[in-house]
Amino acid sequence: MSESNIKVTLPDGSVKELPKGSSGMDVALSISEGLARNVLAAEVNGEVWDASRAIDTDAEVKLLTWNDADGKSTYWHSSAHLMAEALEALYPGIKLGIGPAIDAGFYYDIDFGDHDFDTENLDIIEKKMLELAKQKNVYERSEVSKADAIKYFTEKGDEYKLDLIDRLEDGDITFYKQGEFTDLCKGPHIPHTGFIKAAKILNVAGAYWKGDENNKQLTRLYAITFPKAKELKEYLELLEEAKKRDHRKLGKELELFTFSEKVGHGLPLWMPKGAMLKDRLETFLKKVQLKAGYKPVVTPHIGHKDLYVTSGHYEKYGEDSFQPISTPHEGEEFILKPMNCPHHCEIYNSTPKSYKDLPLRLTEFGTVYRYEQSGELHGLTRVRGFTQDDAHIFCMPEQVKDEFLKVIDLVLYVFGALGFDDFTAQISLRDPENTQKYIGTDENWAKAEKAIIEATEEKGLNTVTELGEAAFYGPKLDFMVKDALGRSWQLGTIQVDYNLPERFELEYTGSDNQKHRPVMIHRAPFGSLERFVAVLTEHCGGNFPLWLTPDQIAILPISEKYADYANEVYAKMEDYDIRGFIDHRDEKIGRKIRDAETGKIPYMLIVGEKEAAEGKVSARKHGEGDLGSFTQDEFIKLFKEAASVG
RNA sequence: GCCGACGUAGCUCAGGGGUAGAGCACUUCCUUGGUAAGGAAGAGGCCACGGGUUCAAAUCCCGUCGUUGGCUCCA
């Protein structure tokens with residue numbers, strides 16, 4: 001092998017020998033011209049580099065295209081520079097904050113200074129971006145000294161960039177320049193602006209410099225770009241679809257829930273149909289949990305302040321909670337319960353426990369109240385009063401793994417039944433560098449963390465592990481589901497807790513006749529019913545699974561002459577636990593069908609002269625149309641098959 | 001909590017210094033109709049709330065509440 005050559009190992013294991021100083025682009029060219037045309041950046045030994053940057057040593061190289069997450073984020077980060085260039089051209093003298101890529105697109109924080117920034121004319125910026133993109137300007141990387149960097153931005157008068165430079169080490173500062181625009185940036189970037197073929201500014205919002213409300217508020221422009229105009233169109237259609245599925249909109253249209261200023265914001269009111277939905281979910285989970293050995297308990301909505309002093313929540317959250325309510329004569333203070341666990345600990349404590357009683361799984365659909373900041377409230381996903389599908393498992397340390405396995409099974413079953421098949425599990429472990437900020441013994445932590453990791457492995461879960469993300473009281477496992485539109489939501493959670501057993505002095509007598517401290521596991525497959533219903537609504541676009549949906553059938557008499565027969569059919573359906581209603585309105589059948597369709601009723605049973613005479617129903621399925629004629633029993637059979645699962 | 005936008009009939013929205021409009025929903029009547037909107041009439045608003053400016057405020061200004069896009073937060 002020649003001295004001046006390097007060996008490049010590709011992801012498929014193949015090795016290419018190339019001259020020293022070859023770039024990612026050269027690697028691509030050595031494979032195919034087509035690939036080279038699509039290369040956005042190169043991952044060199046695990047670090048994302050410009051495709052043009054010279055590689056001087058043997059390396060593992062992965063060429064990144066639009067199909068790689070890192071390729072996309074490089075692309076979007078470069079797009080942020082392009083947008084900044086366009087903005088600078090249109091609004092001379094603006095100052096720039098930061099412009100990173102985000103999950104979908106990118107943003108740039110701008111101080112428009114004296115410019116009157118008008119959100120009506122965003123298309124002018126988009127046009128300018130594409131105009132500049134067409135110039136195929138190369139993103140040129142240059143290393144600059146700290147002094148030069150400071151000089152450049154001092155002359156430019158951009159105090160935000162100076163603030164950023166202030167925190168950087170000399171020798172570690174790079175600029176990127178494309179066209180007329182130079183930015184402080186560590187990169188990497190795509191080869192040139194020509195890759196950007198479609199741009200859309202999605203949103204304009206205020207954001208404080210460095211996220212600190214004491215700093216000046218900048219204008220944040222959220223935008224997205226694509227290599228093909230078609231992809232932008234599809235993305236915008238996805239956003240449209242998301243808007244249509246917004247649970248706040250569907251919740252109103254389908255009469256699931258409402259809010260009232262009089263009741264108070266963040267306090268959802270479940271309307272009959274929404275309450276039915278929520279009730280079906282609860283019934284479903286209660287049944288599954290009973291089978292899994294859970295014991296339902298019921299505790300009050302308030303608890304004595306001392307309860308939360310004991311639990312430690314008063315100290316930590318007291319200021320940011322609904323303030324205590326007091327009894328009129330004694331002045332005793334009670335707190336709206338922000339969680340169920342302290343109550344459950346007291347149930348545990350009410351009788352002496354033996355190791356033979358463990359694991360003890362106490363479950364409650366408890367409504368809890370948390371004072372969320374007013375700006376945080378959002379539909380049903382962030383509220384001030386919500387129902388947790390809560391349970392606390394009290395067990396011995398050596399039972400943690402087994403309990404995790406069981407809870408994971410439960411979560412998988414529940415997600416499956418509701419059509420969430422795409423999810424990942426996040427394992428949150430403690431920060432190994434800083435173990436003293438966590439409560440509990442090293443031994444127990446090690447045991448629990450090992451138990452979680454092994455349990456997820458045994459179940460074959462798709463996991464990501466985050467060090468330092470554990471709660472101070474124990475490690476946890478969170479489930480993030482992807483909905484039908486590809487958006488991620490955090491739902492279920494399983495958390496180990498060493499803190500509360502300590503604070504409540506929970507004990508059990510072991511086989512050695514000694515007192516021991518149990519471990520507590522908090523778990524909630526849905527998290528909050530409110531949030532879950534919101535996610536489910538958006539996931540299925542309001543077309544809930546048949547077993548869950550509030551009205552499963554609508555009986556539509558052709559005219560009021562068949563009202564009696566409609567009542568007869570309804571009574572029979574009720575006998576078979578099929579929920580629904582009869583549309584007795586004085587409307588034509590076309591109208592009744594239309595209203596049932598827009599109301600997303602899964603099955604419509606049309607009854608008229610023919611059906612009444614033959615004892616049949618004419619069935620119609622939502623979104624599909626006429627299914628034909630069935631005897632009542634035939635329909636019930638068809639329905640029951642479709643409604644299985646729950 | 002902070003910044004911006006918004007708040008008009010049950011819903012979706014138009015209007016905009018001279019005391020309110022549409023469509024749908026609702027009520028009544030006509031119609032008894034066979035697979036996505038039958039017809040007519042009627043009723044419905046303190047234009048979020050409280051101040052201010054003005055001869056006159058739903059409209060302009062300020063404040064409050066709520067909604068919303070973000071920021072910060074989330075046991």
# chains A, B, ... in the order shown; residues from 1 in each chain; ligands from 1
>>> interface_residues(of="chain A", to="chain B", cutoff="8 Å", atoms="only C-alpha atoms (C1' of nucleotides)", output="PyMOL selection string")
chain A and resi 203-208+211-213+217+261+265+313+317+338-339+372-375+558-561+587-591+593-595+597+608+620+625-626
>>> atom_distance(atom1="CA of Lys136 (chain A)", atom2="CA of Gly46 (chain A)")
27.8 Å
>>> residues_around(residues="Phe526 (chain A)", least_positions_apart="3", cutoff="6 Å", atoms="only C-alpha atoms (C1' of nucleotides)", output="ChimeraX atom specification")
/A:491-492,532
>>> residues_around(residues="Val383 (chain A)", least_positions_apart="6", cutoff="9 Å", atoms="only C-alpha atoms (C1' of nucleotides)", output="PyMOL selection string")
chain A and resi 265-268+369-372+376-377+530-531
>>> write_last_selection(atoms="C-alpha atoms", output="mmCIF file, in the first residue's frame")
data_model
loop_
_atom_site.group_PDB
_atom_site.id
_atom_site.type_symbol
_atom_site.label_atom_id
_atom_site.label_comp_id
_atom_site.auth_asym_id
_atom_site.auth_seq_id
_atom_site.Cartn_x
_atom_site.Cartn_y
_atom_site.Cartn_z
ATOM 1 C CA HIS A 265 -58.806 26.884 32.157
ATOM 2 C CA GLY A 266 -56.955 23.658 31.846
ATOM 3 C CA LEU A 267 -59.871 21.817 33.427
ATOM 4 C CA PRO A 268 -61.433 19.597 30.784
ATOM 5 C CA TYR A 369 -54.400 18.330 39.841
ATOM 6 C CA ARG A 370 -51.257 20.155 38.900
ATOM 7 C CA TYR A 371 -50.756 23.830 38.532
ATOM 8 C CA GLU A 372 -49.288 23.952 35.046
ATOM 9 C CA GLU A 376 -48.370 25.514 28.826
ATOM 10 C CA LEU A 377 -51.958 24.499 28.637
ATOM 11 C CA GLU A 530 -56.663 13.004 28.742
ATOM 12 C CA ARG A 531 -53.386 13.046 26.915
#
>>> atom_distance(atom1="CA of Asp170 (chain A)", atom2="CA of Phe153 (chain A)")
15.2 Å
>>> select_by_dssp(residues="region 417-453 of chain A", states="strand (DSSP E or B)", output="ChimeraX atom specification")
/A:423-429
>>> atom_distance(atom1="CA of Met604 (chain A)", atom2="CA of Ala554 (chain A)")
4.8 Å
>>> select_by_dssp(residues="region 462-623 of chain A", states="alpha helix (DSSP H)", output="ChimeraX atom specification")
/A:499-503,529-540,563-575,589-598,609-614
>>> closest_residue(among="A:Thr424, A:Ala470, A:Glu449, A:Glu505", to="Pro342 (chain A)", atoms="only C-alpha atoms")
A:Glu505
>>> residues_around(residues="Leu232 (chain A)", least_positions_apart="5", cutoff="12 Å", atoms="only C-alpha atoms (C1' of nucleotides)", output="JSON, numbers by chain")
{"A": [104, 105, 196, 197, 198, 199, 200, 201, 202, 223, 224, 225, 226, 227, 237, 238, 239]}
>>> write_last_selection(atoms="all heavy atoms", output="tab-separated table (two decimals), in the first residue's frame")
chain	number	residue	atom	x	y	z
A	104	ALA	N	-37.94	18.73	12.15
A	104	ALA	CA	-38.50	18.92	10.82
A	104	ALA	C	-38.19	20.35	10.40
A	104	ALA	O	-38.95	21.26	10.70
A	104	ALA	CB	-40.00	18.66	10.82
A	105	GLY	N	-37.07	20.53	9.73
A	105	GLY	CA	-36.71	21.85	9.25
A	105	GLY	C	-35.66	22.53	10.12
A	105	GLY	O	-34.76	21.88	10.65
A	196	ILE	N	-30.96	22.94	-2.55
A	196	ILE	CA	-32.20	23.41	-1.95
A	196	ILE	C	-33.14	23.89	-3.04
A	196	ILE	O	-32.90	24.89	-3.71
A	196	ILE	CB	-31.90	24.53	-0.93
A	196	ILE	CG1	-31.01	23.96	0.18
A	196	ILE	CG2	-33.19	25.11	-0.36
A	196	ILE	CD1	-30.31	25.01	1.02
A	197	LYS	N	-34.21	23.14	-3.24
A	197	LYS	CA	-35.09	23.40	-4.36
A	197	LYS	C	-36.45	23.93	-3.95
A	197	LYS	O	-37.23	24.40	-4.77
A	197	LYS	CB	-35.29	22.10	-5.18
A	197	LYS	CG	-34.01	21.58	-5.82
A	197	LYS	CD	-33.77	22.31	-7.14
A	197	LYS	CE	-32.43	21.97	-7.76
A	197	LYS	NZ	-32.17	20.53	-7.85
A	198	ALA	N	-36.78	23.77	-2.68
A	198	ALA	CA	-38.10	24.23	-2.22
A	198	ALA	C	-37.96	24.73	-0.79
A	198	ALA	O	-37.25	24.12	0.01
A	198	ALA	CB	-39.11	23.09	-2.28
A	199	ALA	N	-38.59	25.85	-0.50
A	199	ALA	CA	-38.47	26.43	0.84
A	199	ALA	C	-39.80	27.00	1.28
A	199	ALA	O	-40.57	27.52	0.48
A	199	ALA	CB	-37.42	27.54	0.84
A	200	LYS	N	-40.07	26.84	2.57
A	200	LYS	CA	-41.32	27.38	3.11
A	200	LYS	C	-41.08	27.87	4.53
A	200	LYS	O	-40.56	27.13	5.37
A	200	LYS	CB	-42.39	26.29	3.11
A	200	LYS	CG	-43.74	26.75	3.62
A	200	LYS	CD	-44.53	27.41	2.52
A	200	LYS	CE	-45.82	28.03	3.08
A	200	LYS	NZ	-46.42	28.93	2.10
A	201	ILE	N	-41.45	29.10	4.78
A	201	ILE	CA	-41.38	29.60	6.15
A	201	ILE	C	-42.70	29.24	6.82
A	201	ILE	O	-43.77	29.60	6.34
A	201	ILE	CB	-41.11	31.11	6.16
A	201	ILE	CG1	-39.74	31.31	5.50
A	201	ILE	CG2	-41.13	31.65	7.59
A	201	ILE	CD1	-39.24	32.70	5.48
A	202	LEU	N	-42.59	28.47	7.88
A	202	LEU	CA	-43.78	27.85	8.44
A	202	LEU	C	-44.41	28.67	9.55
A	202	LEU	O	-45.60	28.62	9.76
A	202	LEU	CB	-43.42	26.47	8.99
A	202	LEU	CG	-42.89	25.47	7.96
A	202	LEU	CD1	-42.29	24.27	8.66
A	202	LEU	CD2	-44.01	25.04	7.03
A	223	ALA	N	-38.68	27.33	9.44
A	223	ALA	CA	-38.85	27.06	8.02
A	223	ALA	C	-38.43	25.64	7.72
A	223	ALA	O	-37.86	24.94	8.56
A	223	ALA	CB	-38.02	28.04	7.21
A	224	ILE	N	-38.74	25.21	6.51
A	224	ILE	CA	-38.32	23.89	6.07
A	224	ILE	C	-37.98	23.97	4.60
A	224	ILE	O	-38.52	24.82	3.88
A	224	ILE	CB	-39.41	22.82	6.36
A	224	ILE	CG1	-38.81	21.42	6.28
A	224	ILE	CG2	-40.61	22.97	5.42
A	224	ILE	CD1	-39.65	20.35	6.93
A	225	THR	N	-37.05	23.13	4.19
A	225	THR	CA	-36.63	23.10	2.79
A	225	THR	C	-36.56	21.66	2.32
A	225	THR	O	-36.49	20.74	3.15
A	225	THR	CB	-35.22	23.71	2.63
A	225	THR	OG1	-34.37	23.11	3.60
A	225	THR	CG2	-35.25	25.21	2.83
A	226	PHE	N	-36.60	21.50	1.02
A	226	PHE	CA	-36.53	20.15	0.45
A	226	PHE	C	-35.75	20.15	-0.85
A	226	PHE	O	-35.68	21.16	-1.53
A	226	PHE	CB	-37.94	19.62	0.18
A	226	PHE	CG	-38.72	19.32	1.42
A	226	PHE	CD1	-39.59	20.27	1.95
A	226	PHE	CD2	-38.58	18.11	2.07
A	226	PHE	CE1	-40.30	20.01	3.11
A	226	PHE	CE2	-39.29	17.85	3.24
A	226	PHE	CZ	-40.15	18.78	3.75
A	227	PRO	N	-35.19	18.98	-1.19
A	227	PRO	CA	-34.47	18.85	-2.47
A	227	PRO	C	-35.42	18.81	-3.66
A	227	PRO	O	-34.99	18.97	-4.78
A	227	PRO	CB	-33.72	17.52	-2.34
A	227	PRO	CG	-33.85	17.09	-0.92
A	227	PRO	CD	-35.07	17.75	-0.38
A	237	GLU	N	-48.99	18.99	2.82
A	237	GLU	CA	-50.22	18.20	2.90
A	237	GLU	C	-50.29	17.46	4.23
A	237	GLU	O	-51.37	17.32	4.81
A	237	GLU	CB	-50.30	17.23	1.72
A	237	GLU	CG	-50.78	17.91	0.45
A	237	GLU	CD	-50.53	17.09	-0.82
A	237	GLU	OE1	-50.06	15.93	-0.68
A	237	GLU	OE2	-50.78	17.61	-1.90
A	238	LEU	N	-49.13	16.98	4.67
A	238	LEU	CA	-49.08	16.30	5.98
A	238	LEU	C	-49.49	17.26	7.09
A	238	LEU	O	-50.24	16.91	8.00
A	238	LEU	CB	-47.67	15.77	6.22
A	238	LEU	CG	-47.48	14.90	7.45
A	238	LEU	CD1	-48.03	13.51	7.17
A	238	LEU	CD2	-46.02	14.81	7.84
A	239	LEU	N	-49.01	18.50	6.98
A	239	LEU	CA	-49.37	19.50	7.99
A	239	LEU	C	-50.88	19.77	7.96
A	239	LEU	O	-51.51	19.93	8.99
A	239	LEU	CB	-48.61	20.80	7.76
A	239	LEU	CG	-47.12	20.81	8.03
A	239	LEU	CD1	-46.58	22.23	7.90
A	239	LEU	CD2	-46.81	20.28	9.43
>>> residues_around(residues="Asp577 (chain A)", least_positions_apart="2", cutoff="12 Å", atoms="only C-alpha atoms (C1' of nucleotides)", output="short mmCIF file (atom, residue, chain, number, x, y, z; two decimals) with N, CA, C and O atoms, in the first residue's frame")
data_model
loop_
_atom_site.label_atom_id
_atom_site.label_comp_id
_atom_site.auth_asym_id
_atom_site.auth_seq_id
_atom_site.Cartn_x
_atom_site.Cartn_y
_atom_site.Cartn_z
N TRP A 547 -64.43 -1.05 19.05
CA TRP A 547 -64.79 -1.43 20.43
C TRP A 547 -64.77 -0.25 21.38
O TRP A 547 -65.28 -0.30 22.49
N ASP A 551 -70.28 6.00 19.73
CA ASP A 551 -71.45 5.43 19.05
C ASP A 551 -70.96 4.47 17.98
O ASP A 551 -70.30 4.88 17.04
N GLN A 552 -71.30 3.21 18.17
CA GLN A 552 -70.82 2.21 17.21
C GLN A 552 -71.73 2.10 16.01
O GLN A 552 -71.27 1.82 14.91
N ILE A 553 -73.02 2.29 16.24
CA ILE A 553 -73.96 2.21 15.12
C ILE A 553 -74.94 3.38 15.17
O ILE A 553 -75.18 3.97 16.22
N TYR A 570 -82.94 -1.52 17.59
CA TYR A 570 -82.10 -0.87 18.61
C TYR A 570 -82.09 -1.70 19.89
O TYR A 570 -81.03 -1.93 20.50
N ALA A 571 -83.28 -2.16 20.29
CA ALA A 571 -83.37 -2.95 21.52
C ALA A 571 -82.54 -4.22 21.40
O ALA A 571 -81.84 -4.60 22.34
N LYS A 572 -82.60 -4.82 20.23
CA LYS A 572 -81.82 -6.05 20.03
C LYS A 572 -80.31 -5.75 20.10
O LYS A 572 -79.55 -6.49 20.71
N MET A 573 -79.92 -4.68 19.46
CA MET A 573 -78.49 -4.32 19.48
C MET A 573 -78.04 -4.04 20.90
O MET A 573 -76.94 -4.43 21.31
N GLU A 574 -78.89 -3.36 21.64
CA GLU A 574 -78.57 -3.09 23.05
C GLU A 574 -78.36 -4.38 23.82
O GLU A 574 -77.47 -4.47 24.66
N ASP A 575 -79.21 -5.37 23.53
CA ASP A 575 -79.06 -6.66 24.19
C ASP A 575 -77.68 -7.26 23.96
O ASP A 575 -77.18 -8.03 24.77
N ARG A 579 -73.51 -0.24 21.03
CA ARG A 579 -73.94 1.12 21.39
C ARG A 579 -74.30 1.93 20.16
O ARG A 579 -73.68 1.78 19.12
N GLY A 580 -75.27 2.80 20.34
CA GLY A 580 -75.58 3.68 19.23
C GLY A 580 -76.85 4.47 19.47
O GLY A 580 -77.25 4.66 20.62
N ILE A 636 -75.10 -8.78 13.74
CA ILE A 636 -74.46 -8.85 15.06
C ILE A 636 -73.19 -9.68 15.00
O ILE A 636 -72.15 -9.31 15.58
N PHE A 639 -70.59 -7.68 13.25
CA PHE A 639 -70.15 -6.60 14.12
C PHE A 639 -69.21 -7.12 15.20
O PHE A 639 -68.16 -6.54 15.46
N LYS A 640 -69.60 -8.23 15.81
CA LYS A 640 -68.79 -8.74 16.93
C LYS A 640 -67.40 -9.14 16.46
O LYS A 640 -66.41 -8.96 17.19
N ALA A 643 -65.49 -6.02 16.12
CA ALA A 643 -65.30 -5.28 17.37
C ALA A 643 -64.45 -6.01 18.39
O ALA A 643 -64.33 -5.59 19.53
#
>>> residues_around(residues="G21 (chain B)", least_positions_apart="2", cutoff="10 Å", atoms="only C-alpha atoms (C1' of nucleotides)", output="PDB file with all heavy atoms, in the first residue's frame")
ATOM      1  P     U B   8     -65.336  35.346  18.877  1.00  0.00           P
ATOM      2  OP1   U B   8     -66.177  34.488  19.730  1.00  0.00           O
ATOM      3  OP2   U B   8     -64.680  34.798  17.684  1.00  0.00           O
ATOM      4  O5'   U B   8     -66.185  36.610  18.431  1.00  0.00           O
ATOM      5  C5'   U B   8     -66.932  37.337  19.386  1.00  0.00           C
ATOM      6  C4'   U B   8     -68.065  38.044  18.705  1.00  0.00           C
ATOM      7  O4'   U B   8     -67.516  38.942  17.687  1.00  0.00           O
ATOM      8  C3'   U B   8     -68.989  37.141  17.911  1.00  0.00           C
ATOM      9  O3'   U B   8     -69.949  36.513  18.744  1.00  0.00           O
ATOM     10  C2'   U B   8     -69.614  38.142  16.952  1.00  0.00           C
ATOM     11  O2'   U B   8     -70.520  38.996  17.620  1.00  0.00           O
ATOM     12  C1'   U B   8     -68.379  38.957  16.558  1.00  0.00           C
ATOM     13  N1    U B   8     -67.652  38.368  15.413  1.00  0.00           N
ATOM     14  C2    U B   8     -68.189  38.559  14.143  1.00  0.00           C
ATOM     15  O2    U B   8     -69.220  39.166  13.952  1.00  0.00           O
ATOM     16  N3    U B   8     -67.475  37.991  13.126  1.00  0.00           N
ATOM     17  C4    U B   8     -66.309  37.277  13.231  1.00  0.00           C
ATOM     18  O4    U B   8     -65.785  36.834  12.219  1.00  0.00           O
ATOM     19  C5    U B   8     -65.812  37.119  14.563  1.00  0.00           C
ATOM     20  C6    U B   8     -66.494  37.659  15.587  1.00  0.00           C
ATOM     21  P     A B  14     -62.568  35.864   9.133  1.00  0.00           P
ATOM     22  OP1   A B  14     -61.344  36.054   8.330  1.00  0.00           O
ATOM     23  OP2   A B  14     -62.549  36.154  10.570  1.00  0.00           O
ATOM     24  O5'   A B  14     -63.750  36.712   8.474  1.00  0.00           O
ATOM     25  C5'   A B  14     -63.900  36.709   7.065  1.00  0.00           C
ATOM     26  C4'   A B  14     -65.090  37.521   6.617  1.00  0.00           C
ATOM     27  O4'   A B  14     -66.305  37.097   7.274  1.00  0.00           O
ATOM     28  C3'   A B  14     -65.096  39.014   6.892  1.00  0.00           C
ATOM     29  O3'   A B  14     -64.185  39.716   6.095  1.00  0.00           O
ATOM     30  C2'   A B  14     -66.529  39.342   6.522  1.00  0.00           C
ATOM     31  O2'   A B  14     -66.719  39.351   5.127  1.00  0.00           O
ATOM     32  C1'   A B  14     -67.263  38.132   7.119  1.00  0.00           C
ATOM     33  N9    A B  14     -67.838  38.495   8.423  1.00  0.00           N
ATOM     34  C8    A B  14     -67.474  38.082   9.673  1.00  0.00           C
ATOM     35  N7    A B  14     -68.202  38.609  10.634  1.00  0.00           N
ATOM     36  C5    A B  14     -69.097  39.423   9.969  1.00  0.00           C
ATOM     37  C6    A B  14     -70.147  40.261  10.411  1.00  0.00           C
ATOM     38  N6    A B  14     -70.457  40.410  11.686  1.00  0.00           N
ATOM     39  N1    A B  14     -70.853  40.926   9.475  1.00  0.00           N
ATOM     40  C2    A B  14     -70.537  40.778   8.189  1.00  0.00           C
ATOM     41  N3    A B  14     -69.574  40.016   7.641  1.00  0.00           N
ATOM     42  C4    A B  14     -68.889  39.362   8.597  1.00  0.00           C
ATOM     43  P     G B  15     -63.377  40.959   6.717  1.00  0.00           P
ATOM     44  OP1   G B  15     -62.568  41.544   5.633  1.00  0.00           O
ATOM     45  OP2   G B  15     -62.733  40.516   7.966  1.00  0.00           O
ATOM     46  O5'   G B  15     -64.541  41.983   7.091  1.00  0.00           O
ATOM     47  C5'   G B  15     -65.223  42.691   6.067  1.00  0.00           C
ATOM     48  C4'   G B  15     -66.397  43.431   6.654  1.00  0.00           C
ATOM     49  O4'   G B  15     -67.140  42.550   7.530  1.00  0.00           O
ATOM     50  C3'   G B  15     -66.028  44.614   7.550  1.00  0.00           C
ATOM     51  O3'   G B  15     -65.869  45.785   6.776  1.00  0.00           O
ATOM     52  C2'   G B  15     -67.235  44.729   8.478  1.00  0.00           C
ATOM     53  O2'   G B  15     -68.293  45.442   7.877  1.00  0.00           O
ATOM     54  C1'   G B  15     -67.647  43.268   8.637  1.00  0.00           C
ATOM     55  N9    G B  15     -67.115  42.643   9.863  1.00  0.00           N
ATOM     56  C8    G B  15     -65.977  41.897   9.968  1.00  0.00           C
ATOM     57  N7    G B  15     -65.753  41.455  11.177  1.00  0.00           N
ATOM     58  C5    G B  15     -66.816  41.956  11.917  1.00  0.00           C
ATOM     59  C6    G B  15     -67.109  41.806  13.294  1.00  0.00           C
ATOM     60  O6    G B  15     -66.467  41.185  14.146  1.00  0.00           O
ATOM     61  N1    G B  15     -68.274  42.484  13.647  1.00  0.00           N
ATOM     62  C2    G B  15     -69.063  43.201  12.784  1.00  0.00           C
ATOM     63  N2    G B  15     -70.143  43.782  13.311  1.00  0.00           N
ATOM     64  N3    G B  15     -68.798  43.344  11.482  1.00  0.00           N
ATOM     65  C4    G B  15     -67.663  42.695  11.130  1.00  0.00           C
TER      66        G B  15
END
